Structure formats: C-alpha cells, structure tokens
file my_file.txt (compact mmCIF, C-alpha atoms)
# COMPACT_ATOMS: atom_id res chain seq x y z
CA MET A 1 18.67 137.26 -181.41
CA ALA A 2 20.66 134.72 -183.36
CA LEU A 3 19.01 135.90 -186.52
CA LEU A 4 20.16 139.49 -185.71
CA ASN A 5 23.76 138.41 -185.32
CA VAL A 6 23.70 136.59 -188.58
CA SER A 7 22.21 139.58 -190.29
CA LEU A 8 24.80 141.95 -188.89
CA SER A 9 27.58 139.64 -189.86
CA SER A 10 26.44 139.54 -193.41
CA LYS A 11 26.19 143.33 -193.64
CA PHE A 12 29.59 144.19 -192.09
CA PRO A 13 32.33 141.99 -193.48
CA GLN A 14 35.17 141.12 -191.12
CA ASN A 15 38.70 142.55 -191.67
CA PRO A 16 41.14 140.07 -193.07
CA PRO A 17 43.71 138.74 -190.59
CA LEU A 18 47.10 140.61 -190.43
CA SER A 19 49.87 138.81 -192.20
CA SER A 20 52.64 137.57 -189.95
CA THR A 21 55.25 137.84 -192.70
CA LYS A 22 57.63 140.91 -192.91
CA PRO A 23 57.89 142.91 -196.11
CA GLN A 24 60.72 141.84 -198.34
CA PHE A 25 63.09 144.74 -199.18
CA ASN A 26 66.10 142.79 -200.23
CA ASN A 27 64.60 142.01 -203.57
CA ASN A 28 63.91 145.66 -204.35
CA PRO A 29 66.52 146.73 -206.96
CA PHE A 30 65.83 150.45 -206.53
CA LEU A 31 66.35 150.34 -202.78
CA SER A 32 69.60 148.31 -203.14
CA PHE A 33 70.99 150.81 -205.69
CA SER A 34 70.19 153.72 -203.35
CA VAL A 35 71.90 152.08 -200.38
CA ASN A 36 75.04 151.24 -202.41
CA SER A 37 75.25 154.77 -203.81
CA GLU A 38 75.01 156.32 -200.36
CA THR A 39 77.67 153.94 -199.04
CA GLN A 40 80.08 154.77 -201.85
CA LEU A 41 79.49 158.50 -201.36
CA LEU A 42 80.18 158.17 -197.64
CA LYS A 43 83.43 156.31 -198.33
CA LYS A 44 84.54 159.02 -200.75
CA GLN A 45 83.81 161.72 -198.18
CA ILE A 46 85.79 159.86 -195.51
CA LYS A 47 88.71 159.37 -197.93
CA SER A 48 88.65 163.05 -198.86
CA GLN A 49 88.72 164.05 -195.18
CA GLU A 50 91.63 161.68 -194.58
CA ASN A 51 93.58 163.26 -197.46
CA ILE A 52 92.93 166.74 -196.11
CA LEU A 53 94.11 165.73 -192.64
CA CYS A 54 97.23 164.13 -194.12
CA CYS A 55 98.08 167.29 -196.09
CA LEU A 56 97.53 169.44 -193.00
CA SER A 57 99.82 167.20 -190.96
CA GLU A 58 102.57 167.42 -193.57
CA SER A 59 102.20 171.19 -193.77
CA VAL A 60 102.43 171.56 -189.98
CA ALA A 61 105.51 169.31 -189.91
CA ARG A 62 107.24 171.35 -192.62
CA THR A 63 106.40 174.62 -190.92
CA SER A 64 107.80 173.33 -187.64
CA LEU A 65 111.01 172.19 -189.32
CA LEU A 66 111.47 175.55 -191.03
CA ALA A 67 110.91 177.31 -187.73
CA VAL A 68 113.57 175.20 -186.02
CA VAL A 69 116.09 175.77 -188.83
CA SER A 70 115.40 179.50 -188.90
CA ALA A 71 115.84 179.73 -185.15
CA SER A 72 119.12 177.83 -185.28
CA LEU A 73 120.44 180.16 -187.99
CA PHE A 74 119.27 183.25 -186.15
CA PHE A 75 120.96 182.34 -182.89
CA VAL A 76 124.18 180.99 -184.44
CA ASP A 77 127.44 182.34 -183.07
CA PRO A 78 128.43 185.31 -185.29
CA VAL A 79 132.01 184.01 -185.49
CA LEU A 80 130.84 180.65 -186.81
CA ALA A 81 128.86 182.41 -189.53
CA TYR A 82 132.07 183.17 -191.40
CA LYS A 83 133.19 179.73 -192.51
CA GLY A 84 135.36 179.39 -195.57
CA GLY A 85 135.26 176.82 -198.35
CA GLY A 86 137.67 174.07 -199.34
CA PRO A 87 139.11 171.54 -196.85
CA TYR A 88 139.12 174.20 -194.14
CA GLY A 89 135.39 174.75 -194.49
CA SER A 90 134.86 173.26 -191.03
CA GLU A 91 137.23 175.81 -189.50
CA VAL A 92 136.70 179.55 -189.20
CA THR A 93 139.42 181.45 -191.09
CA ARG A 94 137.94 184.94 -191.09
CA GLY A 95 139.07 187.38 -188.43
CA GLN A 96 141.33 184.76 -186.81
CA ASP A 97 144.93 184.65 -185.62
CA LEU A 98 146.44 182.03 -187.93
CA THR A 99 150.07 182.99 -187.43
CA GLY A 100 152.42 180.30 -188.74
CA LYS A 101 149.55 178.09 -189.93
CA ASP A 102 150.50 175.52 -192.58
CA PHE A 103 148.20 175.64 -195.64
CA SER A 104 150.82 174.44 -198.11
CA GLY A 105 149.53 172.48 -201.10
CA LYS A 106 145.90 172.73 -199.98
CA THR A 107 142.89 173.56 -202.13
CA LEU A 108 141.45 176.73 -200.62
CA ILE A 109 139.32 178.03 -203.49
CA LYS A 110 137.27 181.07 -202.44
CA GLN A 111 138.44 180.67 -198.84
CA ASP A 112 137.60 183.63 -196.61
CA PHE A 113 140.62 185.04 -194.74
CA LYS A 114 139.25 188.56 -194.34
CA THR A 115 140.93 190.57 -191.52
CA SER A 116 142.88 187.49 -190.35
CA ILE A 117 146.44 187.56 -188.99
CA LEU A 118 148.48 185.28 -191.27
CA ARG A 119 152.04 186.22 -190.41
CA GLN A 120 154.59 183.59 -191.48
CA ALA A 121 151.71 181.37 -192.69
CA ASN A 122 152.69 178.78 -195.30
CA PHE A 123 150.60 178.79 -198.51
CA LYS A 124 153.26 177.34 -200.78
CA GLY A 125 151.69 175.65 -203.81
CA ALA A 126 148.15 176.23 -202.46
CA LYS A 127 145.18 176.72 -204.79
CA LEU A 128 143.67 180.00 -203.59
CA LEU A 129 141.62 180.89 -206.66
CA GLY A 130 139.14 183.64 -205.71
CA ALA A 131 140.12 183.64 -202.02
CA SER A 132 139.84 186.82 -199.97
CA PHE A 133 142.67 188.36 -197.93
CA PHE A 134 140.82 191.64 -197.53
CA ASP A 135 142.52 193.71 -194.78
CA ALA A 136 144.53 190.65 -193.72
CA ASP A 137 148.09 190.72 -192.35
CA LEU A 138 150.28 188.43 -194.50
CA THR A 139 153.63 189.76 -193.29
CA GLY A 140 156.35 187.20 -193.96
CA ALA A 141 153.92 184.61 -195.40
CA ASP A 142 155.00 182.11 -198.07
CA LEU A 143 152.76 182.29 -201.16
CA SER A 144 155.34 180.91 -203.58
CA GLU A 145 154.11 178.77 -206.49
CA SER A 146 150.50 179.32 -205.37
CA ASP A 147 147.47 179.99 -207.57
CA LEU A 148 146.33 183.48 -206.61
CA ARG A 149 144.14 184.23 -209.60
CA GLY A 150 141.31 186.59 -208.70
CA VAL A 151 142.42 186.83 -205.06
CA ASP A 152 141.35 189.95 -203.15
CA PHE A 153 144.35 191.68 -201.54
CA SER A 154 142.49 194.94 -200.92
CA LEU A 155 143.93 196.79 -197.89
CA ALA A 156 146.05 193.72 -197.12
CA ASN A 157 149.58 193.90 -195.71
CA VAL A 158 151.64 191.84 -198.18
CA THR A 159 155.07 193.03 -197.01
CA LYS A 160 158.05 190.65 -196.99
CA VAL A 161 155.90 187.95 -198.62
CA ASN A 162 157.38 185.25 -200.83
CA LEU A 163 155.45 185.53 -204.13
CA SER A 164 158.03 183.78 -206.28
CA ASN A 165 156.49 181.89 -209.21
CA ALA A 166 152.97 182.73 -207.96
CA ASN A 167 150.18 183.41 -210.45
CA LEU A 168 148.31 186.59 -209.48
CA GLU A 169 146.35 187.07 -212.73
CA GLY A 170 143.37 189.34 -212.11
CA ALA A 171 144.09 189.72 -208.39
CA LEU A 172 142.55 192.79 -206.72
CA THR A 173 144.99 195.15 -204.97
CA THR A 174 143.07 198.37 -204.52
CA GLY A 175 143.46 200.53 -201.44
CA ASN A 176 146.67 200.57 -199.44
CA THR A 177 147.88 197.10 -200.42
CA SER A 178 151.62 196.98 -199.76
CA PHE A 179 154.13 194.60 -201.39
CA LYS A 180 157.17 196.24 -199.78
CA GLY A 181 160.11 193.87 -199.36
CA SER A 182 158.30 190.95 -201.08
CA ASN A 183 159.98 188.43 -203.37
CA ILE A 184 158.22 188.63 -206.77
CA ASN A 185 160.72 186.68 -208.87
CA GLY A 186 158.77 184.82 -211.57
CA ALA A 187 155.40 186.14 -210.33
CA ASP A 188 152.69 186.90 -212.90
CA PHE A 189 150.88 190.23 -212.32
CA THR A 190 148.75 190.15 -215.49
CA ASP A 191 145.69 192.43 -215.15
CA VAL A 192 146.51 193.34 -211.54
CA PRO A 193 145.36 196.97 -210.94
CA LEU A 194 148.41 198.33 -209.11
CA ARG A 195 148.84 201.96 -208.10
CA ASP A 196 151.49 203.77 -210.10
CA ASP A 197 153.82 204.09 -207.12
CA GLN A 198 153.47 200.35 -206.33
CA ARG A 199 154.11 199.40 -209.96
CA GLU A 200 157.19 201.65 -210.09
CA TYR A 201 158.48 200.15 -206.85
CA LEU A 202 158.02 196.52 -207.98
CA CYS A 203 159.60 197.17 -211.38
CA LYS A 204 162.89 198.10 -209.66
CA PHE A 205 163.62 194.45 -208.84
CA ALA A 206 161.11 192.48 -211.00
CA ASP A 207 162.69 189.51 -212.74
CA GLY A 208 162.05 185.93 -213.87
CA ILE A 209 159.40 184.06 -215.85
CA ASN A 210 156.36 182.42 -214.37
CA PRO A 211 156.64 178.62 -214.87
CA THR A 212 152.87 178.18 -215.18
CA THR A 213 151.95 180.95 -217.61
CA GLY A 214 155.33 181.47 -219.29
CA ASN A 215 154.95 185.24 -218.83
CA ALA A 216 157.87 187.43 -217.79
CA THR A 217 157.29 189.26 -214.51
CA ARG A 218 158.44 192.62 -215.89
CA GLU A 219 156.09 192.34 -218.85
CA THR A 220 153.09 191.55 -216.66
CA LEU A 221 153.93 194.60 -214.55
CA LEU A 222 154.11 196.75 -217.68
CA CYS A 223 157.54 197.95 -216.62
CA LYS A 224 159.15 200.56 -218.87
call {"tool": "encode", "arguments": {"input": "my_file.txt", "output": "structure tokens"}}
result
Amino acid sequence: MALLNVSLSSKFPQNPPLSSTKPQFNNNPFLSFSVNSETQLLKKQIKSQENILCCLSESVARTSLLAVVSASLFFVDPVLAYKGGGPYGSEVTRGQDLTGKDFSGKTLIKQDFKTSILRQANFKGAKLLGASFFDADLTGADLSESDLRGVDFSLANVTKVNLSNANLEGALTTGNTSFKGSNINGADFTDVPLRDDQREYLCKFADGINPTTGNATRETLLCK
C-alpha cells in the first residue's frame, strides 16, 4: 500500500502553495497614468459644471432684476412720469399749477412745463434753453433777461408777459400763441416763426436792443 502511495505521488505532482503576498499595482506605470488621467478628467468635468451653474445663477439674477425694474416702471404714477430736467428734475412741472412760483436765475434747460399754469411765475434770468411751454398759461409771468432759445411756446398763452431783454432765438410759436400786452423791449426774435398778424402787432411797439446778442428788436421781427 505504501508503495502505491509513493507511486501515485510521483505521477501526480502537487500544486505549489498559494502565495500570501498581494499583487503590487503601485509600481505599474501604465495603471498610475490611467488613474491620474481619469482624476484630471473628472476634475475638469466638475469645474465645467460649476461654471455652468454660476452662469445660470447670474442669468436668473439679472432676469429677476429686469423684471422688478420693468414692473416698477409699468406701475409708476402717470403724473410722476413727466419729470423735467435741471434742478427741478425731482419735481413734476408738467400739467401742474405753479402760479407765482419763483424760478428766477435757475438752470432749467429742456424743462417740461407742458400744459402747466404759470401765471405770475418768476423766470427772470433763468436758463430755459429748449424748454417746453406747450399749451401752458404764462399770463403775467416774468421772463425778462432769460435764455429762451429754442423754447416751445406752441399754443401757449404769453399775454402780459415781461420778455424784456430775453433771447428767443429759434423759439417755436406756432398755433394760437398770443403775446398780447407783453413787454418785448430789447427782446430778440431772430428766426421765430410768427404769424403775420402777430408780427404786425408786435412791430407796433417793438423797441430796444438785446444786451446779449446786440440785435435790435425791430430788426429781429423783420418790421417794415
């Protein structure tokens, strides 16, 4: 029996014992390169997603701000929508009762006084370049020595107004603009498109020389 065991052992070799040591991967340069590449790619993807999220957040914030501003403009009080320029930009001067208001010596360039009541208002020496008095009531107002170049007096009531030494070069006076009873001594009406009847009326008492332009009132009115 012992001889049989020996014989069998010699014919069938025994399997070598399993090694207790783990395979070493750290020293594999190909595996290390693959892991590093995948890590870098993952970081780039995360960074890209972060950038996208950041852009989306900014876009949403801007859209929200625009929506708020648009809503505030849409629901603004219609009266407050007509604010003028110059130092009175914070006050509404269009369609208002400004009787006796003192604007003397102020800079009111392109100020909007459309349809306002400005009786006995004081604009002496004011800079009103390009301002609008469209359909306004200026009865008895003082516009002496003021800069009225390019001012819109269309349909305005300019009766009994003090226009002495005022510069009205290029002012607009179409429609039923009335200067009846106004003081125009020394006023400059250069390039003011007056109706023939208004021009004829003003020429009856036009006199003086404008101290700013040096032009004679009668000459600027093209009086005969």
call {"tool": "residues_around", "arguments": {"input": "my_file.txt", "residues": "A:Thr173", "least_positions_apart": "5", "cutoff": "9 Å", "atoms": "all atoms listed in the file", "output": "list in words"}}
result
Val151, Asp152, Phe153, Ser154, Leu155, Ala156, Ser178, Val192, Pro193, Leu194 and Arg195 of chain A
call {"tool": "atom_distance", "arguments": {"input": "my_file.txt", "atom1": "atom CA of A:Asp207", "atom2": "atom CA of A:Leu172"}}
result
21.3 Å
call {"tool": "residues_around", "arguments": {"input": "my_file.txt", "residues": "A:Asn210", "least_positions_apart": "6", "cutoff": "6 Å", "atoms": "all atoms listed in the file", "output": "list in words"}}
result
Asn165, Gly186, Ala187 and Asp188 of chain A
call {"tool": "closest_residue", "arguments": {"input": "my_file.txt", "among": "A:Lys180, A:Arg199, A:Arg149, A:Lys124", "to": "A:Thr213", "atoms": "all atoms listed in the file"}}
result
A:Arg149
call {"tool": "closest_residue", "arguments": {"input": "my_file.txt", "among": "A:Ile209, A:Ala141, A:Cys223, A:Ile184", "to": "A:Asp197", "atoms": "only C-alpha atoms"}}
result
A:Cys223
call {"tool": "atom_distance", "arguments": {"input": "my_file.txt", "atom1": "atom CA of A:Asp112", "atom2": "atom CA of A:Thr190"}}
result
22.9 Å
call {"tool": "atom_distance", "arguments": {"input": "my_file.txt", "atom1": "atom CA of A:Asp135", "atom2": "atom CA of A:Glu219"}}
result
27.7 Å
call {"tool": "closest_residue", "arguments": {"input": "my_file.txt", "among": "A:Ser182, A:Ser146, A:Thr93, A:Asn167", "to": "A:Ala216", "atoms": "only C-alpha atoms"}}
result
A:Asn167
call {"tool": "residues_near_point", "arguments": {"input": "my_file.txt", "point": "(141.8, 189.9, -190.0)", "cutoff": "9 Å", "atoms": "all atoms listed in the file", "output": "list of chain:residue names"}}
result
A:Thr93, A:Arg94, A:Gly95, A:Gln96, A:Asp97, A:Phe113, A:Lys114, A:Thr115, A:Ser116, A:Ile117, A:Leu118, A:Phe133, A:Phe134, A:Asp135, A:Ala136, A:Asp137
call {"tool": "closest_residue", "arguments": {"input": "my_file.txt", "among": "A:Ala206, A:Leu168, A:Leu98, A:Val161", "to": "A:Thr139", "atoms": "only C-alpha atoms"}}
result
A:Val161
call {"tool": "residues_near_point", "arguments": {"input": "my_file.txt", "point": "(152.2, 180.1, -205.7)", "cutoff": "7 Å", "atoms": "only C-alpha atoms", "output": "PyMOL selection string"}}
result
chain A and resi 124-126+143-148+163-167
call {"tool": "closest_residue", "arguments": {"input": "my_file.txt", "among": "A:Phe189, A:Gly181, A:Gly150, A:Gly175", "to": "A:Lys204", "atoms": "only C-alpha atoms"}}
result
A:Gly181
call {"tool": "closest_residue", "arguments": {"input": "my_file.txt", "among": "A:Gln111, A:Asn122, A:Thr99, A:Thr174", "to": "A:Asp196", "atoms": "only C-alpha atoms"}}
result
A:Thr174
